[in-house]
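Trainee: Right, I'll just put the structure down here and ask away after.
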Amino acid sequence: MKIIIPGNPIAKARHRRRKLFNGKVIDYDPQETEKFKVTSFLKWYVKCYFESNEKERLKEGQKMACDEAFEMHVTFHMPIAATDSELKRNAKLWGFIPHAQKPDCSNLLKFYEDAANEVLYRDDCQLTSVSAKKLWSNNPRTEINIMAIKTIIPDEVQILSLFSIDEFKNLALVLGQLPEIKEVLQWENLITEDQNRKTAAKILSEIADKYATRLQKISKKCPGYWQKEQPNA
């Protein structure tokens, strides 16, 4: 979703203190009005996506509402001083002179992250990747590009995550007892040799008692994973 907010980019300001007539001191946000205007603009912009007749825009808006992780890239198009010469103005527009002055990129970004809270995302902790840059412009504005990140968990990760590391080590130790069954592939020996039967039954019983639930979850989550062709390491 690309959002363009017209006007000079706004940097986050510190909270200030005000002394009341009764002597009590309170903190207040000096940018409350500015923040309200930007938040209202973002709400209107998002609403347009949900009410759009364009399927792609509607789909993108619905996706944003459902996902849990996002990456956001912001470009601040900063105003050029009217007192700059034409040569200097052109140099700035070409990018030969970077915007290496106040306001800081981090303070600009913080203002818009706060304004977008509970509008573009529930909380800014959902932003897993954030970047920002400042450019000179004859058309001051803030461009926000925010994209939902689809979290895809590979089958092998889902399977292994059903076990803790220690549990998997213990399972490996249990399975390591299998060589104790002599000639296990010769089923007549498994039937006739009493010790083989007891060892096999003991191993299977231990696996069933300790790991049946997790193994069943593997079968439900990733059925037939062992049959899939695995990429060469």
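Chains: A, B, ... in order of the structure tokens. Residues: from 1 per chain. Ligands: from 1, in order shown.
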Quick one: pick out all alpha helix (DSSP H) residues within region 6-161 of chain A from a backbone DSSP run and write them as a CSV table (one decimal) with C-alpha atoms, in the first residue's frame.

Mentor:
chain,number,residue,atom,x,y,z
A,32,GLU,CA,-1.6,16.6,19.3
A,33,THR,CA,-3.4,18.5,16.5
A,34,GLU,CA,-0.9,17.7,13.8
A,35,LYS,CA,-0.9,14.0,14.8
A,36,PHE,CA,-4.7,14.0,14.7
A,37,LYS,CA,-4.8,15.4,11.2
A,38,VAL,CA,-2.2,12.9,9.9
A,39,THR,CA,-4.0,10.0,11.6
A,40,SER,CA,-7.3,11.1,10.2
A,41,PHE,CA,-5.8,11.3,6.7
A,42,LEU,CA,-4.5,7.7,7.1
A,43,LYS,CA,-7.8,6.4,8.3
A,44,TRP,CA,-9.5,8.0,5.3
A,45,TYR,CA,-6.9,6.6,2.9
A,46,VAL,CA,-7.3,3.0,4.3
A,47,LYS,CA,-11.1,3.4,4.2
A,48,CYS,CA,-10.8,4.2,0.4
A,49,TYR,CA,-9.1,0.8,0.0
A,50,PHE,CA,-12.0,-1.1,1.7
A,55,LYS,CA,-10.5,-5.8,-6.8
A,56,GLU,CA,-6.8,-5.4,-6.3
A,57,ARG,CA,-7.1,-2.4,-4.0
A,58,LEU,CA,-9.8,-4.1,-2.0
A,59,LYS,CA,-7.8,-7.3,-1.8
A,60,GLU,CA,-4.7,-5.4,-0.6
A,61,GLY,CA,-6.7,-3.6,2.1
A,62,GLN,CA,-8.2,-6.9,3.4
A,63,LYS,CA,-4.7,-8.4,3.5
A,64,MET,CA,-3.3,-5.5,5.5
A,65,ALA,CA,-6.1,-6.0,8.0
A,66,CYS,CA,-5.4,-9.7,8.5
A,86,GLU,CA,18.7,28.5,-8.8
A,87,LEU,CA,22.0,26.7,-9.0
A,88,LYS,CA,21.7,25.4,-5.4
A,89,ARG,CA,18.1,24.5,-5.9
A,90,ASN,CA,18.8,22.4,-9.0
A,91,ALA,CA,21.7,20.7,-7.3
A,92,LYS,CA,19.5,19.7,-4.4
A,93,LEU,CA,16.8,18.4,-6.8
A,94,TRP,CA,19.4,16.3,-8.7
A,105,CYS,CA,15.3,11.1,9.7
A,106,SER,CA,14.6,9.1,13.0
A,107,ASN,CA,12.5,11.9,14.4
A,108,LEU,CA,10.5,12.2,11.2
A,109,LEU,CA,10.0,8.5,11.1
A,110,LYS,CA,8.9,8.3,14.7
A,111,PHE,CA,6.1,10.9,14.2
A,112,TYR,CA,4.6,8.9,11.3
A,113,GLU,CA,5.0,5.5,13.1
A,114,ASP,CA,3.0,6.9,16.0
A,115,ALA,CA,0.4,8.4,13.7
A,116,ALA,CA,-0.1,5.1,11.9
A,155,ASP,CA,7.3,-28.1,6.7
A,156,GLU,CA,10.7,-29.1,8.2
A,157,VAL,CA,10.5,-26.2,10.7
A,158,GLN,CA,6.9,-27.1,11.7
A,159,ILE,CA,8.0,-30.7,12.2
A,160,LEU,CA,11.1,-30.0,14.3

Trainee: Compile the contact shell of Ser219 (chain A) as a list in words: residues with an atom at most 12 Å away, counting only C-alpha atoms, same-chain residues fewer than 5 positions apart removed.

Mentor: Asp155, Gln158, Ile159, Leu162, Ala212, Thr213, Arg214, Gly224, Tyr225 and Trp226 of chain A

Trainee: Find the residues around Asn138 (chain A) up to 9 Å (only C-alpha atoms counted), leave out those fewer than 4 positions away in its own chain, and share them as a list of chain:residue names.

Mentor: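 So, after excluding close chain neighbours, the residues are A:His77, A:Met78, A:Pro79, A:Ile80, A:Leu93.
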
Trainee: Can I get the selected residues back with C-alpha atoms, as a CSV table (one decimal), in the first residue's frame?

Mentor:
chain,number,residue,atom,x,y,z
A,77,HIS,CA,10.4,15.0,0.4
A,78,MET,CA,11.8,18.0,2.1
A,79,PRO,CA,11.1,21.6,1.1
A,80,ILE,CA,13.8,23.8,-0.4
A,93,LEU,CA,16.8,18.4,-6.8
